[in-house]
>>> print(open('run_25.tsv').read())   # TSV, C-alpha atoms
chain	number	residue	atom	x	y	z
A	229	MET	CA	0.00	0.00	0.00
A	230	LEU	CA	2.83	2.40	0.84
A	231	ASN	CA	4.46	1.67	-2.52
A	232	LEU	CA	1.20	2.51	-4.29
A	233	LEU	CA	0.81	5.76	-2.33
A	234	ASN	CA	4.36	6.76	-3.27
A	235	GLN	CA	3.63	6.56	-7.00
A	236	PRO	CA	4.11	9.92	-8.75
A	237	LEU	CA	1.00	11.81	-9.81
A	238	PRO	CA	0.46	12.68	-13.50
A	239	ASN	CA	2.10	15.94	-14.57
A	240	ASN	CA	-1.22	17.69	-15.21
A	241	THR	CA	-2.86	16.80	-11.87
A	242	SER	CA	-2.21	20.20	-10.28
A	243	GLN	CA	-2.86	22.23	-13.42
A	244	ASP	CA	-5.85	24.55	-13.50
A	245	LEU	CA	-8.35	24.02	-16.31
A	246	ILE	CA	-7.69	26.88	-18.72
A	247	ASN	CA	-9.70	26.08	-21.86
A	248	LEU	CA	-12.72	23.81	-22.12
A	249	MET	CA	-12.23	21.21	-24.84
A	250	PRO	CA	-14.68	21.80	-27.74
A	251	PHE	CA	-17.53	19.30	-28.10
A	252	LYS	CA	-19.94	20.16	-30.90
A	253	GLN	CA	-20.41	17.06	-33.05
A	254	GLU	CA	-19.70	13.50	-31.91
A	255	ILE	CA	-18.05	10.97	-29.62
A	256	VAL	CA	-16.26	8.08	-31.35
A	257	PHE	CA	-14.78	4.82	-30.05
A	258	LYS	CA	-12.34	3.73	-32.76
A	259	ASP	CA	-10.92	0.17	-32.88
A	260	LEU	CA	-11.00	0.12	-29.09
A	261	ASN	CA	-9.73	-2.82	-27.03
A	262	PHE	CA	-9.29	-2.91	-23.27
A	263	ARG	CA	-7.93	-5.19	-20.57
A	264	TYR	CA	-6.62	-4.28	-17.14
A	265	THR	CA	-3.23	-6.01	-17.50
A	266	LYS	CA	-1.48	-7.98	-20.23
A	267	ASP	CA	-2.07	-11.20	-18.27
A	268	THR	CA	-5.84	-10.75	-17.84
A	269	PRO	CA	-8.63	-11.44	-20.37
A	270	TRP	CA	-9.91	-8.75	-22.69
A	271	ILE	CA	-12.91	-6.84	-21.32
A	272	LEU	CA	-13.70	-5.04	-24.60
A	273	LYS	CA	-12.65	-5.96	-28.13
A	274	ASN	CA	-13.10	-4.29	-31.50
A	275	VAL	CA	-15.41	-1.53	-30.25
A	276	ASN	CA	-16.36	0.91	-33.01
A	277	LEU	CA	-19.19	3.22	-32.00
A	278	ASN	CA	-20.26	6.71	-33.01
A	279	PHE	CA	-22.56	8.92	-30.93
A	280	LYS	CA	-23.85	12.28	-32.15
A	281	LYS	CA	-24.12	15.14	-29.69
A	282	GLY	CA	-27.60	15.61	-28.22
A	283	LYS	CA	-28.59	11.94	-28.35
A	284	THR	CA	-29.61	9.64	-25.51
A	285	ILE	CA	-27.95	6.22	-25.57
A	286	GLY	CA	-28.79	3.25	-23.39
A	287	PHE	CA	-26.50	0.33	-22.50
A	288	ILE	CA	-27.52	-3.15	-21.43
A	289	GLY	CA	-25.70	-6.43	-21.03
A	290	MET	CA	-24.82	-9.18	-18.61
A	291	THR	CA	-22.71	-8.38	-15.55
A	292	GLY	CA	-19.08	-8.35	-16.65
A	293	SER	CA	-19.82	-7.60	-20.28
A	294	GLY	CA	-17.95	-4.27	-20.10
A	295	LYS	CA	-20.71	-1.64	-19.91
A	296	SER	CA	-19.26	0.31	-16.99
A	297	THR	CA	-15.72	-0.17	-18.30
A	298	LEU	CA	-16.69	1.43	-21.62
A	299	LEU	CA	-18.18	4.45	-19.84
A	300	ASP	CA	-15.12	4.68	-17.56
A	301	ILE	CA	-13.06	5.00	-20.74
A	302	LEU	CA	-15.51	7.63	-22.00
A	303	MET	CA	-14.99	9.61	-18.77
A	304	GLY	CA	-11.22	9.38	-19.04
A	305	LEU	CA	-10.94	7.24	-15.92
A	306	LEU	CA	-9.40	4.38	-17.90
A	307	LYS	CA	-7.07	4.52	-20.89
A	308	PRO	CA	-7.78	2.21	-23.85
A	309	THR	CA	-5.28	-0.63	-24.17
A	310	GLU	CA	-5.58	-0.24	-27.94
A	311	GLY	CA	-7.54	2.15	-30.12
A	312	GLU	CA	-8.83	5.63	-29.38
A	313	LEU	CA	-11.59	7.73	-27.85
A	314	LEU	CA	-12.15	10.73	-30.14
A	315	ILE	CA	-14.14	13.89	-29.40
A	316	ASP	CA	-14.93	15.81	-32.60
A	317	GLY	CA	-12.03	13.92	-34.18
A	318	ILE	CA	-9.53	14.77	-31.42
A	319	PRO	CA	-8.04	11.83	-29.47
A	320	ILE	CA	-8.32	12.01	-25.67
A	321	THR	CA	-4.84	11.97	-24.15
A	322	GLN	CA	-3.26	12.58	-20.77
A	323	GLU	CA	-2.80	16.23	-21.73
A	324	ASN	CA	-6.43	17.06	-22.66
A	325	ARG	CA	-8.25	14.58	-20.40
A	326	LYS	CA	-9.16	17.15	-17.71
A	327	ALA	CA	-10.54	19.51	-20.36
A	328	TRP	CA	-12.81	16.70	-21.62
A	329	GLN	CA	-13.86	15.63	-18.12
A	330	ALA	CA	-15.11	19.17	-17.45
A	331	HIS	CA	-17.98	18.39	-19.87
A	332	ILE	CA	-19.18	15.38	-17.83
A	333	SER	CA	-21.52	14.75	-14.90
A	334	HIS	CA	-21.63	11.19	-13.58
A	335	VAL	CA	-24.36	9.64	-11.44
A	336	PRO	CA	-23.21	6.27	-10.04
A	337	GLN	CA	-25.38	3.69	-8.32
A	338	SER	CA	-23.85	4.54	-4.94
A	339	ILE	CA	-24.04	8.29	-4.28
A	340	TYR	CA	-21.47	10.13	-2.17
A	341	LEU	CA	-23.06	12.69	0.16
A	342	ALA	CA	-21.06	15.13	2.26
A	343	ASP	CA	-22.05	15.86	5.86
A	344	GLY	CA	-23.79	19.10	4.90
A	345	THR	CA	-27.17	20.42	3.84
A	346	ILE	CA	-29.28	19.17	0.95
A	347	GLN	CA	-28.57	22.30	-1.09
A	348	GLU	CA	-24.82	21.96	-0.47
A	349	ASN	CA	-24.95	18.37	-1.70
A	350	ILE	CA	-26.93	19.25	-4.83
A	351	ALA	CA	-24.47	22.06	-5.64
A	352	LEU	CA	-21.48	20.04	-4.44
A	353	GLY	CA	-18.18	21.80	-5.10
A	354	VAL	CA	-19.78	25.23	-5.50
A	355	GLU	CA	-18.93	27.83	-2.87
A	356	LEU	CA	-21.95	28.86	-0.78
A	357	GLU	CA	-21.86	32.50	-1.92
A	358	LYS	CA	-21.79	31.37	-5.57
A	359	MET	CA	-24.61	28.84	-5.22
A	360	LYS	CA	-27.73	29.64	-7.26
A	361	GLU	CA	-30.73	28.61	-5.20
A	362	TYR	CA	-33.15	28.73	-8.12
A	363	LYS	CA	-30.97	26.20	-9.96
A	364	VAL	CA	-30.89	23.96	-6.87
A	365	VAL	CA	-34.71	24.01	-6.71
A	366	GLN	CA	-35.04	23.40	-10.46
A	367	ALA	CA	-32.66	20.43	-10.32
A	368	ALA	CA	-34.53	18.98	-7.33
A	369	GLN	CA	-37.83	19.30	-9.20
A	370	GLN	CA	-36.41	17.50	-12.24
A	371	ALA	CA	-35.05	14.75	-9.96
A	372	GLN	CA	-38.50	14.31	-8.36
A	373	ILE	CA	-37.29	15.09	-4.84
A	374	SER	CA	-38.50	18.69	-4.31
A	375	GLU	CA	-41.79	17.62	-2.67
A	376	MET	CA	-39.94	15.56	-0.06
A	377	ILE	CA	-37.53	18.43	0.63
A	378	ASN	CA	-40.32	20.98	1.02
A	379	ASN	CA	-41.97	18.78	3.64
A	380	LEU	CA	-38.86	18.97	5.84
A	381	LYS	CA	-38.68	21.57	8.60
A	382	ASN	CA	-35.53	23.23	7.25
A	383	LYS	CA	-36.24	22.35	3.62
A	384	TYR	CA	-33.08	22.72	1.46
A	385	LYS	CA	-31.02	23.64	4.53
A	386	THR	CA	-31.67	20.27	6.18
A	387	PHE	CA	-28.49	18.41	7.11
A	388	VAL	CA	-28.26	14.94	5.58
A	389	GLY	CA	-25.78	13.44	8.08
A	390	GLU	CA	-22.58	11.58	7.30
A	391	GLN	CA	-22.94	9.73	3.98
A	392	GLY	CA	-26.60	10.80	3.94
A	393	VAL	CA	-27.53	8.65	6.91
A	394	GLN	CA	-30.72	10.69	7.40
A	395	LEU	CA	-31.99	9.73	3.93
A	396	SER	CA	-33.20	6.57	2.23
A	397	GLY	CA	-31.34	4.96	-0.67
A	398	GLY	CA	-33.84	6.33	-3.19
A	399	GLN	CA	-33.58	9.84	-1.75
A	400	ARG	CA	-29.79	9.72	-1.95
A	401	GLN	CA	-29.98	8.62	-5.58
A	402	ARG	CA	-32.35	11.47	-6.44
A	403	ILE	CA	-30.02	14.01	-4.80
A	404	GLY	CA	-27.21	12.53	-6.92
A	405	ILE	CA	-29.34	13.01	-10.06
A	406	ALA	CA	-30.20	16.58	-8.99
A	407	ARG	CA	-26.47	17.24	-8.52
A	408	ALA	CA	-25.75	16.21	-12.11
A	409	LEU	CA	-28.63	18.31	-13.43
A	410	TYR	CA	-27.50	21.35	-11.41
A	411	LYS	CA	-24.10	21.24	-13.11
A	412	ASN	CA	-25.85	21.37	-16.51
A	413	SER	CA	-23.04	19.46	-18.22
A	414	ASP	CA	-22.84	18.61	-21.93
A	415	VAL	CA	-22.58	14.90	-21.11
A	416	LEU	CA	-24.62	13.09	-18.46
A	417	ILE	CA	-23.75	9.52	-17.48
A	418	PHE	CA	-26.20	7.47	-15.41
A	419	ASP	CA	-24.71	4.16	-14.20
A	420	GLU	CA	-27.60	2.26	-12.59
A	421	ALA	CA	-28.56	5.65	-11.14
A	422	THR	CA	-32.24	4.79	-10.61
A	423	SER	CA	-31.86	1.24	-9.25
A	424	ALA	CA	-33.25	2.18	-5.80
A	425	LEU	CA	-36.33	3.95	-7.16
A	426	ASP	CA	-39.82	2.62	-7.72
A	427	ASN	CA	-41.03	2.38	-11.33
A	428	GLN	CA	-43.32	5.42	-11.16
A	429	THR	CA	-40.64	7.76	-9.77
A	430	GLU	CA	-38.09	6.44	-12.24
A	431	GLN	CA	-40.42	7.06	-15.17
A	432	LYS	CA	-41.03	10.65	-14.06
A	433	ILE	CA	-37.29	11.29	-13.78
A	434	MET	CA	-36.61	9.75	-17.18
A	435	GLN	CA	-39.33	11.95	-18.71
A	436	GLN	CA	-37.60	15.01	-17.26
A	437	ILE	CA	-34.23	13.82	-18.56
A	438	ALA	CA	-35.75	13.21	-22.01
A	439	GLN	CA	-36.53	16.95	-22.23
A	440	LEU	CA	-32.80	17.73	-21.97
A	441	LYS	CA	-31.87	15.72	-25.07
A	442	ASP	CA	-31.44	18.60	-27.52
A	443	ASN	CA	-28.76	20.22	-25.37
A	444	GLN	CA	-27.09	17.29	-23.67
A	445	THR	CA	-25.70	13.90	-24.61
A	446	ILE	CA	-26.89	11.26	-22.19
A	447	PHE	CA	-25.59	7.74	-21.52
A	448	ILE	CA	-27.65	5.35	-19.37
A	449	ILE	CA	-26.70	1.93	-18.03
A	450	ALA	CA	-29.74	0.02	-16.80
A	451	HIS	CA	-31.05	-3.48	-16.14
A	452	ARG	CA	-34.73	-2.53	-16.28
A	453	LEU	CA	-35.66	-2.23	-19.94
A	454	THR	CA	-38.33	0.42	-19.23
A	455	THR	CA	-35.55	2.77	-18.06
A	456	LEU	CA	-34.35	2.95	-21.66
A	457	LYS	CA	-37.70	3.80	-23.24
A	458	GLN	CA	-36.70	7.40	-24.02
A	459	CYS	CA	-33.35	6.46	-25.61
A	460	ASP	CA	-32.59	7.27	-29.24
A	461	SER	CA	-30.54	4.09	-29.50
A	462	ILE	CA	-29.62	1.17	-27.27
A	463	ILE	CA	-26.32	-0.72	-27.21
A	464	ARG	CA	-26.31	-4.34	-26.06
A	465	ILE	CA	-22.81	-5.50	-25.11
A	466	ASN	CA	-22.49	-9.27	-25.10
A	467	THR	CA	-19.99	-11.40	-23.19
A	468	ASP	CA	-18.58	-12.71	-26.49
A	469	TYR	CA	-17.45	-9.11	-27.31
A	470	THR	CA	-20.14	-8.58	-29.94
A	471	ILE	CA	-22.17	-5.37	-29.86
A	472	GLU	CA	-25.75	-4.88	-31.07
A	473	GLN	CA	-27.27	-1.47	-31.72
A	474	MET	CA	-31.06	-1.10	-31.80
A	475	ASN	CA	-34.02	1.06	-30.80
A	476	TYR	CA	-36.40	0.39	-27.90
A	477	THR	CA	-38.97	-1.52	-29.98
A	478	GLN	CA	-36.28	-3.82	-31.36
A	479	LEU	CA	-34.90	-4.30	-27.85
A	480	ILE	CA	-38.27	-5.48	-26.53
A	481	GLU	CA	-38.70	-7.84	-29.50
A	482	LYS	CA	-35.19	-9.31	-29.14
A	483	ASN	CA	-35.59	-9.71	-25.39
A	484	PHE	CA	-38.93	-11.50	-25.88
A	485	ILE	CA	-37.36	-13.86	-28.44
A	486	ARG	CA	-34.43	-14.66	-26.12
A	487	LYS	CA	-36.78	-15.42	-23.24
A	488	ASN	CA	-38.78	-17.78	-25.42
A	489	GLU	CA	-35.59	-19.48	-26.57
A	490	LYS	CA	-34.64	-20.09	-22.93
A	491	ASN	CA	-38.08	-21.45	-22.13
A	492	THR	CA	-37.94	-23.96	-24.98
>>> encode(input="run_25.tsv", output="structure tokens")
Amino acid sequence: MLNLLNQPLPNNTSQDLINLMPFKQEIVFKDLNFRYTKDTPWILKNVNLNFKKGKTIGFIGMTGSGKSTLLDILMGLLKPTEGELLIDGIPITQENRKAWQAHISHVPQSIYLADGTIQENIALGVELEKMKEYKVVQAAQQAQISEMINNLKNKYKTFVGEQGVQLSGGQRQRIGIARALYKNSDVLIFDEATSALDNQTEQKIMQQIAQLKDNQTIFIIAHRLTTLKQCDSIIRINTDYTIEQMNYTQLIEKNFIRKNEKNT
């Protein structure tokens, strides 16, 4: 552990973000392969995908098929073993990675909450005097949590406790979604971000997210097929490294066929 902690940080870790990297057209995975070490199996092979800005894309697949790994590469958290991630034709490298990451808001399945107020957690990272309360309220409304907040004695100034101990799992997830919406990023990534919600609440949130499509590019990993109903296209990543691209109607048909094949 001490050896790991003593590893040098990348040269650009302490650099301030000067210029936001342009993103006006598309995200491309070109001839992309990935594995964690040279002695471990490939996680992703021969990935060639193109996503236009302003589209909503869903991802499904068995556990271990590489869905989250692909989005980790998209976020610049992992470097492709082979191939490239291109933004408007520009490869993402160590030098421009931070400029690309500034476009992204990520909502994981497990939400981190600071020991502060609800509004501080929605606008996480924003200094109190620079926080825009109207944006906090708008984001909470879109995340379907404003009614719950308004029923609290201190409303948006209610303390959530360490790791959000005062809130349920579904409430924590909705605050995480509100946080991403507050930032108003070009790219939103939802990785099982609605898994703790009931179907009705999830559908309301997805309807709100669908209204953002013209301005934002949205990636959604989900196991419930209904979560992907608003997607422009859906990517199924299979454990044999093959990738299928389809719309929601085709997804339902293919899933029905596969279930029948299992039953027979």
>>> closest_residue(input="run_25.tsv", among="A:Asn427, A:Ser413, A:Gln253, A:Asn475", to="Ile318 (chain A)", atoms="all atoms listed in the file")
A:Gln253
>>> residues_around(input="run_25.tsv", residues="Asn443 (chain A)", least_positions_apart="5", cutoff="12 Å", atoms="all atoms listed in the file", output="list of chain:residue names")
A:Phe251, A:Lys252, A:Gln253, A:Lys280, A:Lys281, A:Gly282, A:Lys283, A:Thr284, A:Asn412, A:Ser413, A:Asp414, A:Val415, A:Leu416, A:Ile437, A:Ala438
>>> residues_around(input="run_25.tsv", residues="region 324-338 of chain A", least_positions_apart="6", cutoff="10 Å", atoms="only C-alpha atoms", output="ChimeraX atom specification")
/A:240-241,243-251,296,299,302-305,315,318,397,400-424,444-449
>>> residues_around(input="run_25.tsv", residues="region 342-356 of chain A", least_positions_apart="5", cutoff="6 Å", atoms="only C-alpha atoms", output="ChimeraX atom specification")
/A:384-391,406-407
>>> atom_distance(input="run_25.tsv", atom1="CA of Phe257 (chain A)", atom2="CA of Leu313 (chain A)")
4.8 Å
>>> closest_residue(input="run_25.tsv", among="A:Glu472, A:Glu361, A:Glu430, A:Asp259", to="Glu310 (chain A)", atoms="all atoms listed in the file")
A:Asp259
>>> closest_residue(input="run_25.tsv", among="A:Ser461, A:Gln366, A:Thr477, A:Asn382", to="Leu277 (chain A)", atoms="only C-alpha atoms")
A:Ser461
>>> atom_distance(input="run_25.tsv", atom1="CA of Asn261 (chain A)", atom2="CA of Ile462 (chain A)")
20.3 Å
>>> atom_distance(input="run_25.tsv", atom1="CA of Ile471 (chain A)", atom2="CA of Ile288 (chain A)")
10.2 Å
>>> closest_residue(input="run_25.tsv", among="A:Tyr340, A:Tyr469, A:Trp270, A:Tyr476", to="Gly392 (chain A)", atoms="all atoms listed in the file")
A:Tyr340
>>> closest_residue(input="run_25.tsv", among="A:Lys432, A:Lys266, A:Lys381, A:Lys295", to="Ile463 (chain A)", atoms="all atoms listed in the file")
A:Lys295
>>> closest_residue(input="run_25.tsv", among="A:Leu479, A:Leu237, A:Ile271, A:Leu306", to="Thr291 (chain A)", atoms="only C-alpha atoms")
A:Ile271
>>> build_atoms(input="run_25.tsv", residues="region 377-397 of chain A", atoms="N, CA and C atoms", output="JSON list (two decimals), in the coordinates of the input")
[["chain", "number", "residue", "atom", "x", "y", "z"],
["A", 377, "ILE", "N", -38.35, 17.40, -0.01],
["A", 377, "ILE", "CA", -37.53, 18.43, 0.63],
["A", 377, "ILE", "C", -38.41, 19.51, 1.25],
["A", 378, "ASN", "N", -39.43, 19.92, 0.52],
["A", 378, "ASN", "CA", -40.32, 20.98, 1.02],
["A", 378, "ASN", "C", -41.13, 20.56, 2.23],
["A", 379, "ASN", "N", -41.25, 19.27, 2.46],
["A", 379, "ASN", "CA", -41.97, 18.78, 3.64],
["A", 379, "ASN", "C", -41.07, 18.72, 4.88],
["A", 380, "LEU", "N", -39.78, 18.95, 4.72],
["A", 380, "LEU", "CA", -38.86, 18.97, 5.84],
["A", 380, "LEU", "C", -38.90, 20.33, 6.54],
["A", 381, "LYS", "N", -38.62, 20.34, 7.81],
["A", 381, "LYS", "CA", -38.68, 21.57, 8.60],
["A", 381, "LYS", "C", -37.75, 22.64, 8.05],
["A", 382, "ASN", "N", -36.51, 22.26, 7.74],
["A", 382, "ASN", "CA", -35.53, 23.23, 7.25],
["A", 382, "ASN", "C", -35.35, 23.19, 5.74],
["A", 383, "LYS", "N", -36.22, 22.45, 5.08],
["A", 383, "LYS", "CA", -36.24, 22.35, 3.62],
["A", 383, "LYS", "C", -34.83, 22.09, 3.04],
["A", 384, "TYR", "N", -34.35, 22.96, 2.14],
["A", 384, "TYR", "CA", -33.08, 22.72, 1.46],
["A", 384, "TYR", "C", -31.87, 22.90, 2.38],
["A", 385, "LYS", "N", -32.10, 23.46, 3.57],
["A", 385, "LYS", "CA", -31.02, 23.64, 4.53],
["A", 385, "LYS", "C", -30.98, 22.53, 5.58],
["A", 386, "THR", "N", -31.69, 21.44, 5.31],
["A", 386, "THR", "CA", -31.67, 20.27, 6.18],
["A", 386, "THR", "C", -30.35, 19.53, 6.04],
["A", 387, "PHE", "N", -29.73, 19.17, 7.15],
["A", 387, "PHE", "CA", -28.49, 18.41, 7.11],
["A", 387, "PHE", "C", -28.80, 16.93, 6.85],
["A", 388, "VAL", "N", -27.99, 16.32, 5.99],
["A", 388, "VAL", "CA", -28.26, 14.94, 5.58],
["A", 388, "VAL", "C", -27.53, 13.92, 6.45],
["A", 389, "GLY", "N", -26.56, 14.37, 7.27],
["A", 389, "GLY", "CA", -25.78, 13.44, 8.08],
["A", 389, "GLY", "C", -24.63, 12.84, 7.28],
["A", 390, "GLU", "N", -23.73, 12.18, 7.97],
["A", 390, "GLU", "CA", -22.58, 11.58, 7.30],
["A", 390, "GLU", "C", -23.01, 10.52, 6.32],
["A", 391, "GLN", "N", -22.56, 10.64, 5.07],
["A", 391, "GLN", "CA", -22.94, 9.73, 3.98],
["A", 391, "GLN", "C", -24.45, 9.68, 3.76],
["A", 392, "GLY", "N", -25.15, 10.75, 4.17],
["A", 392, "GLY", "CA", -26.60, 10.80, 3.94],
["A", 392, "GLY", "C", -27.38, 9.85, 4.80],
["A", 393, "VAL", "N", -26.91, 9.64, 6.03],
["A", 393, "VAL", "CA", -27.53, 8.65, 6.91],
["A", 393, "VAL", "C", -28.98, 8.99, 7.23],
["A", 394, "GLN", "N", -29.35, 10.27, 7.10],
["A", 394, "GLN", "CA", -30.72, 10.69, 7.40],
["A", 394, "GLN", "C", -31.70, 10.41, 6.25],
["A", 395, "LEU", "N", -31.17, 9.91, 5.13],
["A", 395, "LEU", "CA", -31.99, 9.73, 3.93],
["A", 395, "LEU", "C", -32.06, 8.26, 3.52],
["A", 396, "SER", "N", -33.09, 7.92, 2.77],
["A", 396, "SER", "CA", -33.20, 6.57, 2.23],
["A", 396, "SER", "C", -32.32, 6.44, 0.99],
["A", 397, "GLY", "N", -32.15, 5.20, 0.52],
["A", 397, "GLY", "CA", -31.34, 4.96, -0.67],
["A", 397, "GLY", "C", -31.89, 5.68, -1.89]]
